[in-house]
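Just below is one structure, and these are the notes that go with it.
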Amino acid sequence: MENLLSLWHSTGLYNFTGGQAFMMLVGFVLLFLAISKGFEPLLLLPIGFGAILSNIPVAEIAHEGGLLYYLYYGIKMGIFPLLIFMGVGAMTDFGPMIANPKTLLLGAAAQFGIFASLLGALALNIIPGLEFSLKDAAAIGIIGGADGPTAIYVASKLAPDLLGAIAVAAYSYMALVPLIQPPIMRALTTEDERKIEMQQLRDVSKAEKIVFPLMLLLLSVLLLPSATPLIGMFALGNLMRESGVVERLSNTAQNELINIVTIFLGLSVGSKLSAEAFLQLKTLGILALGACAFAIGTAAGVVMAKIMNRFSSTLINPLIGAAGVSAVPMAARVANKLGLESNPHNFLLMHAMGPNVAGVIGSAVAAGVLLSLVK
Amino acid sequence: MENLLSLWHSTGLYNFTGGQAFMMLVGFVLLFLAISKGFEPLLLLPIGFGAILSNIPVAEIAHEGGLLYYLYYGIKMGIFPLLIFMGVGAMTDFGPMIANPKTLLLGAAAQFGIFASLLGALALNIIPGLEFSLKDAAAIGIIGGADGPTAIYVASKLAPDLLGAIAVAAYSYMALVPLIQPPIMRALTTEDERKIEMQQLRDVSKAEKIVFPLMLLLLSVLLLPSATPLIGMFALGNLMRESGVVERLSNTAQNELINIVTIFLGLSVGSKLSAEAFLQLKTLGILALGACAFAIGTAAGVVMAKIMNRFSSTLINPLIGAAGVSAVPMAARVANKLGLESNPHNFLLMHAMGPNVAGVIGSAVAAGVLLSLVK
Amino acid sequence: MENLLSLWHSTGLYNFTGGQAFMMLVGFVLLFLAISKGFEPLLLLPIGFGAILSNIPVAEIAHEGGLLYYLYYGIKMGIFPLLIFMGVGAMTDFGPMIANPKTLLLGAAAQFGIFASLLGALALNIIPGLEFSLKDAAAIGIIGGADGPTAIYVASKLAPDLLGAIAVAAYSYMALVPLIQPPIMRALTTEDERKIEMQQLRDVSKAEKIVFPLMLLLLSVLLLPSATPLIGMFALGNLMRESGVVERLSNTAQNELINIVTIFLGLSVGSKLSAEAFLQLKTLGILALGACAFAIGTAAGVVMAKIMNRFSSTLINPLIGAAGVSAVPMAARVANKLGLESNPHNFLLMHAMGPNVAGVIGSAVAAGVLLSLVK
Amino acid sequence: MTEEIRSGIELMFAGMGIVFIFLAMLVVAINLMSAVLQRYFPDRSSKLLFVSSSIDKSTVAAITAAVHQYRSKHY
Amino acid sequence: MTEEIRSGIELMFAGMGIVFIFLAMLVVAINLMSAVLQRYFPDRSSKLLFVSSSIDKSTVAAITAAVHQYRSKHY
Amino acid sequence: MTEEIRSGIELMFAGMGIVFIFLAMLVVAINLMSAVLQRYFPDRSSKLLFVSSSIDKSTVAAITAAVHQYRSKHY
Ligand code: NA
Ligand code: NA
Ligand code: NA
């Protein structure tokens with residue numbers, strides 16, 4: 001009898017708190033989005049599952065002694081996001097960007113979303129009950145970078161409590177890029193602008209592709225050392241890819257290693273989706289600001305392209321400016337799709353890949369600025 | 001001269017203790033069983049090798065500063081068995097069980113072996129020199145779960161000193177399933193019962209397979225949170241498999257990740273095969289109780305099938321009850337083989353897969369009970 | 001303004017020290033050697049990149065909180081080199097050595113390079129400003145083993161400060177084997193000796209290949225336990241390969257696992273290439289002694305073969321003695337190439353593989369001696 | 001009968017009870033789920049496994065080879 | 001306007017400034033690099049991607065199959 | 001001659017001695033093992049490596065293709 005009572009007292013049903021129940025629901029919603037809607041399933045499936053696991057009453061899987069507690073060290077020490085970034089570097093082809101370097105400026109402009117939403121977060125402090133520190137605001141702004149590992153890396157350093165909400169917002173909005181971007185892109189461009197055909201990209205030599213990651217790293221070393229963990233691991237991955245002499249390492253970095261780390265990273269991020277941290281007004285603020293960040297970044301990229309067209313004879317289709325937010329490769333595909341709508345013979349995909357990968361660099365640079373100036 | 005003497009004093013020959021020599025022999029026997037007899041080589045080869053390495057005099061590979069000491073943290077923290085369980089989940093097809101859910105009850109009945117041998121361990125305390133605590137008894141009982149990672153997980157929490165012997169017993173008896181089970185199965189069934197043909201299983205839809213792991217997890221959350229680390233990681237692996245949206249994660253979980261962890265887990269388990277811990281009367285008790293656990297579990301599964309046939313018109317071939325101990329997929333194959341002996345047209349394999357995977361769930365549930373009630 | 005100043009103060013340009021700049025240059029040179037010259041790119045690319053990353057001012061990637069700091073634990077605890085050694089074991093075919101066991105003696109002789117350069121290091125202490133302790137000298141000598149993981153393992157235990165320079169020397173000279181060895185081999189052999197054709201190797205049975213790693217381990221346990229971490233993991237890898245029952249573990253050990261660990265090991269070794277540790281007279285000494293070690297080892301192997309020919313009727317081509325330094329498989333290829341030059345029908349490759357893999361065992365044994373006698 | 005044995009027996013009843021309750025509830029839950037899903041999402045993709053192909057084998061050989069060659073060149 | 005907002009605005013200007021300076025310098029550096037490399041290392045290996053093969057497909061089929069069979073036996 | 005050099009020389013003799021003893025004992029052990037195993041377990045599976053196949057290549061092409069197609073559909 002005593003045993004039975006102690007059993008009942010150890011059930012989840014007896015111990016559930018409302019917050020835990022709600023957060024498990026959030027986890028199931030993320031799983032639904034990942035599986036049924038195809039929202040960035042590689043990340044949102046483990047994150048959603050991690051959210052469920054970490055909110056199970058009694059089990060304490062995210063507390064000392066539990067699996068997610070130990071896995072989280074990989075984020076706390078910055079290891080997981082950097083390894084993923086290395087893998088992404090090994091998957092990235094900088095050819096289109098090297099062939100048309102001025103598209104880098106589109107990737108720069110699109111980072112405006114980061115700083116605008118940082119400012120927005122500070123402005124939201126006028127709402128009673130909301131209190132974002134400068135660190136919080138910076139971590140929220142980085143959602144606008146549209147780059148998962150960068151967002152997680154910055155948030156883990158500046159605002160670990162907000163990590164769960166920030167990662168969820170970042171990946172969700174990346175999945176929503178095909179919905180968020182098109183109206184903004186249409187509103188800011190004329191039909192004629194969307195019809196602009198761009199000249200074919202030149203071939204980029206192997207030597208250029210090998211030298212590029214080293215040059216990128218060197219520039220970052222000289223100007224912005226705080227960005228070098230991110231940019232360095234990215235450049236390492238890319239160098240392994242392009243050098244051609246360590247194919248087996250490059251393959252492992254972009255396959256098994258990134259897969260293993262993705263599972264661990266997702267679960268650990270999910271472990272930060274606790275009721276105390278997530279069920280706050282702040283989370284709504286983060287979600288709202290994240291959406292603004294994406295929208296503003298998109299707009300800034302498009303506008304930048306239009307400005308550049310004023311000063312140059314070889315025109316840029318402003319649609320590819322939107323790809324500057326990164327969200328590789330969805331944003332580039334969106335630009336391609338809208339281009340085809342206006343001109344069925346206009347394939348913008350390769351042209352959009354330039355600002356797209358430039359956006360990854362841009363947000364890593366922005367992350368470096370935030371990590372070095374926000375204290 | 002001094003140097004030579006100090007060299008001689010540093011040889012293994014000079015420093016060997018009888019216990020170490022015996023344990024290295026145990027390691028070689030495990031290697032022999034793994035390589036020549038095909039006894040669960042994926043685990044017993046690394047375990048046997050770990051036993052040899054950890055018993056080398058002077059080298060102290062299982063002590064602080066040695067490789068096996070550090071690898072063992074993966075077990076101590078519960079990481080390795082849970083990751084293996086995730087991989088097993090990603091390899092498991094619950095289709096046959098979902099098609100015929102009442103076979104789950106066979107998987108429940110077969111867990112009787114766990115609790116019977118738990119009781120047996122306590123009863124053995126009447127033998128002078130044997131002293132099994134309740135925790136020890138629970139860890140020994142779980143051998144009857146016929147599931148490696150579950151046994152290791154429970155033993156590492158409740159009786160880490162017995163971990164080596166328990167893991168060796170669990171994997172050895174799993175390899176011996178084709179010898180242990182048939183006589184019991186024949187003794188408890190009539191020729192007519194063994195001839196029973198079962199109706200063909202219906203197709204199970206993708207949606208059912210996706211929802212199942214989530215339902216399983218939810219039930220475990222509500223009823224038995226202490227089982228959720230095991231069941232949760234198992235469900236995660238299965239969801240990755242069935243969802244179809246994270247194929248690369250699922251492949252990595254069931255290949256490279258599980259392989260890497262298997263090597264580490266085996267070596268770490270082997271490092272617990274030290275003379276002090278293994279060369280005890282307790283070990284004989286564990287081996288004897290483990291065999292009983294398998295035998296009783298097999299019998300319970302068969303008897304349960306016969307009981308269910310009393311109350312149902314669609315008959316179950318009681319041979320598949322034996323598959324309820326899990327030991328996937330050997331136990332199911334044994335059932336199939338015995339079925340074919342009695343009726344050459346009776347393929348029981350798919351029918352036996354239902355109770356077989358149900359047995360995995362059943363022993364994870366039993367593990368949860370033990371972890372929550374034994375303190 | 002203040003912000004701008006603080007930004008300028010946070011740039012790499014402002015904070016660079018001469019030492020850091022020089023070490024980054026060293027890193028770039030290593031990358032150049034790896035990519036353009038094909039110098040052991042699998043290791044030298046990550047090592048070079050690690051050298052760059054760890055010398056970035058401000059970022060402190062090799063200090064607490066940085067990625068390379070945490071990765072270095074894998075070396076500090078001896079985990080990475082041992083896992084690589086396991087993978088190398090899984091890649092090694094001992095067939096040619098078992099078919100002609102006396103070639104083991106060539107692998108023994110070639111280890112003379114280790115002890116000669118150890119002595120050389122102690123002798124160099126007469127140069128003012130150079131101060132090599134016995135531990136330093138032993139760690140330097142092991143470069144002559146021509147075996148990366150062994151050198152890293154020994155250096156991490158005896159002289160972690162010299163680890164960077166030692167690893168760089170070891171891998172660089174391994175890449176230079178085709179330049180270092182031929183003149184020595186030609187100088188010590190006559191044209192007639194180089195023309196010696198060796199009798200075809202017999203087939204080696206599967207049973208012999210399975211028993212060999214166990215015998216090797218056992219011998220090491222009895223004679224030299226301090227070598228068992230290295231030899232044990234090597235034997236484990238080889239047993240996984242030859243046993244044929246754990247093919248999936250063997251494949252993972254020689255592919256994904258070794259690739260992942262190679263990336264981590266390379267980066268961590270690179271993190272030890274700091275200006276304070278590297279920009280010393282010691283480094284020049286290490287580079288000079290390393291070259292001597294390779295040269296002396298090569299000579300010793302060749303001379304040993306000639307001595308053996310005095311006492312045996314079945315002649316050995318002394319060129320294969322040079323392969324005894326290990327540096328698998330380059331040294332064997334060098335022997336083959338020189339043999340073909342003297343006799344176009346004389347394929348020595350398989351004959352040279354015997355002393356080549358024997359050299360791996362030989363240097364692991366020498367490592368065991370150093371680890372047990374040098375304190 | 002010692003105290004320990006008594007608690008062992010209690011554990012056995014509690015344990016087997018929970019195992020049975022758990023798996024029995026899972027039976028119910030699966031039946032419920034299958035009923036609901038088969039009604040509202042009646043896909044049976046697994047059937048496709050048994051559809052056999054009737055394309056001429058030599059055509060297949062040519063296609064396979066072409067794909068292989070294409071991949072090894074273009075990927 | 002609070003102190004915090006002010007530092008936020010400062011951060012925005014500093015941040016966007018650095019991002020633009022960084023990427024603009026990268027544009028310059030890439031242009032420089034491409035000029036130098038195209039002059040001194042004028043390889044264009046990527047062109048090879050567009051060279052199409054004209055070997056008879058059935059020959060290829062035979063070769064592919066042979067290679068496969070060889071590998072599965074001899075490796 | 002310093003104390004250190006002396007211990008270095010001692011180390012050299014001890015080290016080379018052990019290396020030679022170890023590998024020489026390994027030679028003996030291998031010879032022993034080979035003698036025993038070749039007598040009692042005279043398998044020579046590696047010979048199989050040199051058995052070449054004489055199946056008609058086009059038959060192989062068809063089989064390979066069929067296997068490929070089967071796998072891609074049924075696995
Ligand atoms: Na971005
Ligand atoms: Na079971
Ligand atoms: Na060597």
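Residue names in the structure tokens use chain letters A, B, ... in the order shown, residue numbers from 1 in each chain, and ligand numbers from 1 in the order shown.
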
Quiz prompt | Residue neighbourhood stretch 29-33 of chain E, 12 Å, only C-alpha atoms, exclusion window fewer than 6 positions, as number ranges by chain | solution = A: 94-95, 97-104, 204-205, 207-219; E: 21-23, 39-41

Exercise. Fewer than 2 positions away in the same chain doesn't count, so skip those; otherwise give me all residues within 12 Å of C:Ala34, counting only C-alpha atoms, as an NGL selection string.
Key: (:A and (239-240 or 243-246)) or (:C and (27-32 or 36-49 or 168 or 171-172 or 175-176))

For the selection just defined, write its residues with N, CA, C and O atoms to a file, as a tab-separated table (two decimals), in the first residue's frame.
chain	number	residue	atom	x	y	z
A	239	LEU	N	38.45	25.27	-46.15
A	239	LEU	CA	39.79	24.93	-46.64
A	239	LEU	C	39.93	23.42	-46.82
A	239	LEU	O	40.51	22.94	-47.80
A	240	MET	N	39.39	22.65	-45.87
A	240	MET	CA	39.44	21.19	-46.01
A	240	MET	C	38.73	20.78	-47.30
A	240	MET	O	39.17	19.89	-48.01
A	243	SER	N	40.88	22.47	-50.54
A	243	SER	CA	42.28	22.08	-50.74
A	243	SER	C	42.37	20.76	-51.50
A	243	SER	O	43.34	20.53	-52.21
A	244	GLY	N	41.38	19.91	-51.33
A	244	GLY	CA	41.37	18.66	-52.06
A	244	GLY	C	42.34	17.61	-51.54
A	244	GLY	O	42.38	16.49	-52.04
A	245	VAL	N	43.13	17.95	-50.52
A	245	VAL	CA	44.13	16.99	-50.03
A	245	VAL	C	43.67	16.22	-48.80
A	245	VAL	O	44.33	15.28	-48.36
A	246	VAL	N	42.56	16.62	-48.20
A	246	VAL	CA	42.07	15.94	-46.99
A	246	VAL	C	40.60	15.58	-47.18
A	246	VAL	O	39.77	15.81	-46.31
C	27	GLY	N	52.21	28.67	-39.07
C	27	GLY	CA	50.97	27.97	-39.42
C	27	GLY	C	50.71	28.00	-40.92
C	27	GLY	O	50.37	26.98	-41.53
C	28	PHE	N	50.87	29.17	-41.52
C	28	PHE	CA	50.64	29.27	-42.96
C	28	PHE	C	51.65	28.43	-43.74
C	28	PHE	O	51.30	27.82	-44.75
C	29	VAL	N	52.89	28.39	-43.27
C	29	VAL	CA	53.89	27.54	-43.94
C	29	VAL	C	53.46	26.08	-43.88
C	29	VAL	O	53.53	25.35	-44.87
C	30	LEU	N	52.98	25.65	-42.71
C	30	LEU	CA	52.52	24.27	-42.59
C	30	LEU	C	51.36	24.00	-43.56
C	30	LEU	O	51.31	22.96	-44.22
C	31	LEU	N	50.42	24.96	-43.64
C	31	LEU	CA	49.31	24.79	-44.59
C	31	LEU	C	49.85	24.69	-46.01
C	31	LEU	O	49.39	23.87	-46.81
C	32	PHE	N	50.83	25.53	-46.34
C	32	PHE	CA	51.40	25.50	-47.67
C	32	PHE	C	52.04	24.14	-47.96
C	32	PHE	O	51.80	23.53	-49.00
C	36	SER	N	50.20	22.38	-50.91
C	36	SER	CA	50.92	22.46	-52.18
C	36	SER	C	51.95	21.36	-52.34
C	36	SER	O	52.19	20.89	-53.44
C	37	LYS	N	52.55	20.96	-51.25
C	37	LYS	CA	53.62	19.96	-51.34
C	37	LYS	C	53.13	18.57	-50.94
C	37	LYS	O	53.89	17.61	-51.00
C	38	GLY	N	51.89	18.49	-50.46
C	38	GLY	CA	51.37	17.18	-50.08
C	38	GLY	C	52.07	16.56	-48.89
C	38	GLY	O	52.06	15.35	-48.71
C	39	PHE	N	52.63	17.39	-48.00
C	39	PHE	CA	53.28	16.90	-46.78
C	39	PHE	C	52.21	16.43	-45.80
C	39	PHE	O	51.58	17.24	-45.11
C	40	GLU	N	52.05	15.13	-45.63
C	40	GLU	CA	51.12	14.59	-44.61
C	40	GLU	C	49.93	15.52	-44.38
C	40	GLU	O	49.68	15.96	-43.24
C	41	PRO	N	49.15	15.80	-45.41
C	41	PRO	CA	48.12	16.83	-45.24
C	41	PRO	C	47.08	16.50	-44.18
C	41	PRO	O	46.55	17.40	-43.52
C	42	LEU	N	46.80	15.20	-43.96
C	42	LEU	CA	45.76	14.85	-42.99
C	42	LEU	C	46.08	15.40	-41.61
C	42	LEU	O	45.19	15.76	-40.85
C	43	LEU	N	47.36	15.48	-41.29
C	43	LEU	CA	47.73	16.02	-39.98
C	43	LEU	C	48.21	17.46	-40.06
C	43	LEU	O	47.83	18.30	-39.24
C	44	LEU	N	49.06	17.74	-41.05
C	44	LEU	CA	49.66	19.07	-41.06
C	44	LEU	C	48.65	20.16	-41.41
C	44	LEU	O	48.83	21.31	-40.97
C	45	LEU	N	47.60	19.86	-42.13
C	45	LEU	CA	46.59	20.89	-42.37
C	45	LEU	C	45.90	21.29	-41.07
C	45	LEU	O	45.91	22.48	-40.71
C	46	PRO	N	45.34	20.34	-40.32
C	46	PRO	CA	44.75	20.78	-39.03
C	46	PRO	C	45.78	21.35	-38.05
C	46	PRO	O	45.47	22.29	-37.31
C	47	ILE	N	47.01	20.82	-38.03
C	47	ILE	CA	48.01	21.36	-37.10
C	47	ILE	C	48.32	22.80	-37.48
C	47	ILE	O	48.34	23.70	-36.62
C	48	GLY	N	48.54	23.04	-38.77
C	48	GLY	CA	48.83	24.41	-39.21
C	48	GLY	C	47.68	25.34	-38.88
C	48	GLY	O	47.89	26.45	-38.37
C	49	PHE	N	46.47	24.88	-39.13
C	49	PHE	CA	45.32	25.73	-38.84
C	49	PHE	C	45.20	25.98	-37.34
C	49	PHE	O	44.89	27.09	-36.90
C	168	VAL	N	55.27	18.51	-35.14
C	168	VAL	CA	55.56	19.10	-36.44
C	168	VAL	C	56.78	18.43	-37.07
C	168	VAL	O	56.77	18.06	-38.24
C	171	TYR	N	55.86	14.73	-38.24
C	171	TYR	CA	55.07	14.62	-39.47
C	171	TYR	C	55.82	15.19	-40.66
C	171	TYR	O	55.72	14.68	-41.78
C	172	SER	N	56.58	16.26	-40.45
C	172	SER	CA	57.32	16.83	-41.57
C	172	SER	C	58.35	15.84	-42.09
C	172	SER	O	58.46	15.61	-43.30
C	175	ALA	N	56.92	13.12	-44.04
C	175	ALA	CA	56.64	13.55	-45.42
C	175	ALA	C	57.91	13.63	-46.24
C	175	ALA	O	57.89	13.48	-47.46
C	176	LEU	N	59.03	13.87	-45.56
C	176	LEU	CA	60.30	14.03	-46.27
C	176	LEU	C	61.05	12.72	-46.47
C	176	LEU	O	62.15	12.71	-47.03

Quiz item: Any idea what's packed within 12 Å of F:Glu3, counting only C-alpha atoms, ignoring anything in its chain fewer than 2 positions away? Could you give it as a PyMOL selection string?
Solution: (chain C and resi 122-123+133-134) or (chain F and resi 1+5-10)

Quick one: write out the picked residues with C-alpha atoms as a PDB file, in the first residue's frame?
ATOM      1  CA  LEU C 122      71.668  15.444 -23.937  1.00  0.00           C
ATOM      2  CA  ALA C 123      74.941  16.193 -25.692  1.00  0.00           C
ATOM      3  CA  SER C 133      66.123  17.480 -19.422  1.00  0.00           C
ATOM      4  CA  LEU C 134      66.157  13.689 -19.724  1.00  0.00           C
TER       5      LEU C 134
ATOM      6  CA  MET F   1      81.089  13.029 -19.066  1.00  0.00           C
ATOM      7  CA  ILE F   5      74.978  11.654 -20.504  1.00  0.00           C
ATOM      8  CA  ARG F   6      75.811   8.538 -18.513  1.00  0.00           C
ATOM      9  CA  SER F   7      72.154   7.869 -17.795  1.00  0.00           C
ATOM     10  CA  GLY F   8      71.434   8.571 -21.464  1.00  0.00           C
ATOM     11  CA  ILE F   9      73.886   5.903 -22.527  1.00  0.00           C
ATOM     12  CA  GLU F  10      72.481   3.465 -20.002  1.00  0.00           C
TER      13      GLU F  10
END

Quiz prompt | Exercise: D:Met16 partners within 9 Å, only C-alpha atoms, chain neighbours under 3 positions left out, as JSON, numbers by chain | solution = {"B": [108, 109, 111, 112, 115, 366], "D": [11, 12, 13, 19, 20, 21]}

Restricting it to N, CA and C atoms, dump the selection as a JSON list (two decimals), in the first residue's frame.
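Result file follows (again.json):
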[["chain", "number", "residue", "atom", "x", "y", "z"],
["B", 108, "ALA", "N", 5.14, -8.12, -21.88],
["B", 108, "ALA", "CA", 4.99, -7.80, -20.46],
["B", 108, "ALA", "C", 5.27, -9.03, -19.61],
["B", 109, "ALA", "N", 4.64, -10.15, -19.98],
["B", 109, "ALA", "CA", 4.75, -11.37, -19.17],
["B", 109, "ALA", "C", 6.21, -11.80, -19.03],
["B", 111, "GLN", "N", 8.78, -10.25, -18.70],
["B", 111, "GLN", "CA", 9.58, -9.52, -17.72],
["B", 111, "GLN", "C", 9.52, -10.16, -16.34],
["B", 112, "PHE", "N", 8.68, -11.18, -16.20],
["B", 112, "PHE", "CA", 8.62, -11.87, -14.92],
["B", 112, "PHE", "C", 9.99, -12.43, -14.54],
["B", 115, "PHE", "N", 11.87, -10.02, -12.18],
["B", 115, "PHE", "CA", 11.49, -9.92, -10.77],
["B", 115, "PHE", "C", 11.70, -11.23, -10.04],
["B", 366, "ALA", "N", 10.33, -2.02, -16.76],
["B", 366, "ALA", "CA", 10.78, -2.67, -15.52],
["B", 366, "ALA", "C", 11.98, -1.93, -14.94],
["D", 11, "LEU", "N", 8.09, -5.66, -4.29],
["D", 11, "LEU", "CA", 8.65, -5.10, -5.52],
["D", 11, "LEU", "C", 8.20, -5.90, -6.73],
["D", 12, "MET", "N", 8.15, -7.23, -6.57],
["D", 12, "MET", "CA", 7.74, -8.07, -7.68],
["D", 12, "MET", "C", 6.30, -7.78, -8.08],
["D", 13, "PHE", "N", 5.43, -7.68, -7.08],
["D", 13, "PHE", "CA", 4.04, -7.42, -7.43],
["D", 13, "PHE", "C", 3.88, -6.02, -8.03],
["D", 19, "VAL", "N", 4.36, -3.08, -15.12],
["D", 19, "VAL", "CA", 4.70, -3.50, -16.48],
["D", 19, "VAL", "C", 3.42, -3.87, -17.23],
["D", 20, "PHE", "N", 2.55, -4.64, -16.57],
["D", 20, "PHE", "CA", 1.32, -5.05, -17.26],
["D", 20, "PHE", "C", 0.40, -3.86, -17.52],
["D", 21, "ILE", "N", 0.23, -3.02, -16.50],
["D", 21, "ILE", "CA", -0.62, -1.84, -16.70],
["D", 21, "ILE", "C", -0.09, -1.00, -17.85]]

Quick one: which chain B residues come within 12 Å of ligand 2, and what is the nearest atom pair for each with the distance in Å to one decimal, counting only C-alpha atoms and all ligand atoms, rows ordered by chain and ascending number, as CSV?
residue,atom,partner,partner_atom_place_in_ligand_line,distance
B:Leu104,CA,ligand 2,1 (Na),11.3
B:Leu106,CA,ligand 2,1 (Na),10.5
B:Gly107,CA,ligand 2,1 (Na),7.1
B:Ala108,CA,ligand 2,1 (Na),8.5
B:Ala109,CA,ligand 2,1 (Na),10.0
B:Ala110,CA,ligand 2,1 (Na),7.3
B:Gln111,CA,ligand 2,1 (Na),6.4
B:Phe112,CA,ligand 2,1 (Na),10.0
B:Gly113,CA,ligand 2,1 (Na),9.4
B:Ile114,CA,ligand 2,1 (Na),8.9
B:Gly141,CA,ligand 2,1 (Na),11.3
B:Ile142,CA,ligand 2,1 (Na),8.6
B:Ile143,CA,ligand 2,1 (Na),8.8
B:Gly144,CA,ligand 2,1 (Na),7.0
B:Gly145,CA,ligand 2,1 (Na),3.7
B:Ala146,CA,ligand 2,1 (Na),5.0
B:Asp147,CA,ligand 2,1 (Na),5.5
B:Gly148,CA,ligand 2,1 (Na),9.3
B:Pro149,CA,ligand 2,1 (Na),10.7
B:Thr150,CA,ligand 2,1 (Na),8.7
B:Ala151,CA,ligand 2,1 (Na),9.6
B:Ala170,CA,ligand 2,1 (Na),10.9
B:Met174,CA,ligand 2,1 (Na),10.6
B:Ala293,CA,ligand 2,1 (Na),10.8
B:Phe294,CA,ligand 2,1 (Na),9.7
B:Gly297,CA,ligand 2,1 (Na),8.8
B:Thr298,CA,ligand 2,1 (Na),10.4
B:Gly301,CA,ligand 2,1 (Na),10.9
B:Ala322,CA,ligand 2,1 (Na),10.7
B:Ala323,CA,ligand 2,1 (Na),9.0
B:Gly324,CA,ligand 2,1 (Na),6.7
B:Val325,CA,ligand 2,1 (Na),4.5
B:Ser326,CA,ligand 2,1 (Na),4.3
B:Ala327,CA,ligand 2,1 (Na),6.8
B:Val328,CA,ligand 2,1 (Na),8.7
B:Pro329,CA,ligand 2,1 (Na),11.5
B:Ala331,CA,ligand 2,1 (Na),10.5
B:Pro355,CA,ligand 2,1 (Na),9.4
B:Asn356,CA,ligand 2,1 (Na),7.8
B:Val357,CA,ligand 2,1 (Na),8.0
B:Ala358,CA,ligand 2,1 (Na),7.6
B:Gly359,CA,ligand 2,1 (Na),3.9
B:Val360,CA,ligand 2,1 (Na),4.3
B:Ile361,CA,ligand 2,1 (Na),6.8
B:Gly362,CA,ligand 2,1 (Na),5.7
B:Ser363,CA,ligand 2,1 (Na),4.2
B:Ala364,CA,ligand 2,1 (Na),7.3
B:Val365,CA,ligand 2,1 (Na),9.3
B:Ala366,CA,ligand 2,1 (Na),8.8
B:Ala367,CA,ligand 2,1 (Na),9.8

Given the selection you just returned, output its residues as a file containing C-alpha atoms, formatted as a CSV table (one decimal), in the first residue's frame.
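Here's the written file result-v6.csv:
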chain,number,residue,atom,x,y,z
B,104,LEU,CA,2.6,-6.5,-26.2
B,106,LEU,CA,3.6,-11.3,-24.2
B,107,GLY,CA,6.4,-8.7,-23.8
B,108,ALA,CA,5.0,-7.8,-20.5
B,109,ALA,CA,4.8,-11.4,-19.2
B,110,ALA,CA,8.3,-12.2,-20.1
B,111,GLN,CA,9.6,-9.5,-17.7
B,112,PHE,CA,8.6,-11.9,-14.9
B,113,GLY,CA,12.1,-13.3,-15.3
B,114,ILE,CA,13.5,-9.9,-14.0
B,141,GLY,CA,17.3,-9.1,-12.1
B,142,ILE,CA,17.5,-6.8,-15.0
B,143,ILE,CA,19.7,-9.4,-16.8
B,144,GLY,CA,16.4,-11.1,-17.4
B,145,GLY,CA,15.4,-8.1,-19.5
B,146,ALA,CA,17.7,-9.6,-22.2
B,147,ASP,CA,18.6,-6.1,-23.3
B,148,GLY,CA,22.2,-5.0,-23.1
B,149,PRO,CA,22.0,-1.2,-22.8
B,150,THR,CA,19.1,-1.4,-20.3
B,151,ALA,CA,21.0,-3.8,-18.1
B,170,ALA,CA,23.5,-10.4,-20.2
B,174,MET,CA,21.6,-13.3,-25.2
B,293,ALA,CA,16.0,-15.0,-15.4
B,294,PHE,CA,16.2,-15.9,-19.1
B,297,GLY,CA,11.1,-15.0,-18.7
B,298,THR,CA,10.9,-17.5,-21.6
B,301,GLY,CA,6.0,-15.5,-22.2
B,322,ALA,CA,9.2,-16.7,-25.8
B,323,ALA,CA,10.2,-13.8,-28.0
B,324,GLY,CA,8.9,-11.5,-25.4
B,325,VAL,CA,12.1,-11.6,-23.4
B,326,SER,CA,13.5,-9.4,-26.2
B,327,ALA,CA,17.1,-10.4,-27.2
B,328,VAL,CA,16.2,-8.9,-30.6
B,329,PRO,CA,16.2,-10.6,-33.1
B,331,ALA,CA,14.5,-14.8,-29.8
B,355,PRO,CA,6.5,-9.5,-28.7
B,356,ASN,CA,10.2,-9.2,-29.4
B,357,VAL,CA,10.3,-5.4,-29.7
B,358,ALA,CA,7.5,-5.3,-27.0
B,359,GLY,CA,10.1,-7.0,-24.7
B,360,VAL,CA,12.4,-4.1,-25.2
B,361,ILE,CA,9.8,-1.7,-24.0
B,362,GLY,CA,8.8,-4.0,-21.2
B,363,SER,CA,12.3,-4.2,-19.8
B,364,ALA,CA,12.7,-0.5,-20.1
B,365,VAL,CA,9.5,-0.1,-18.0
B,366,ALA,CA,10.8,-2.7,-15.5
B,367,ALA,CA,14.0,-0.7,-15.4
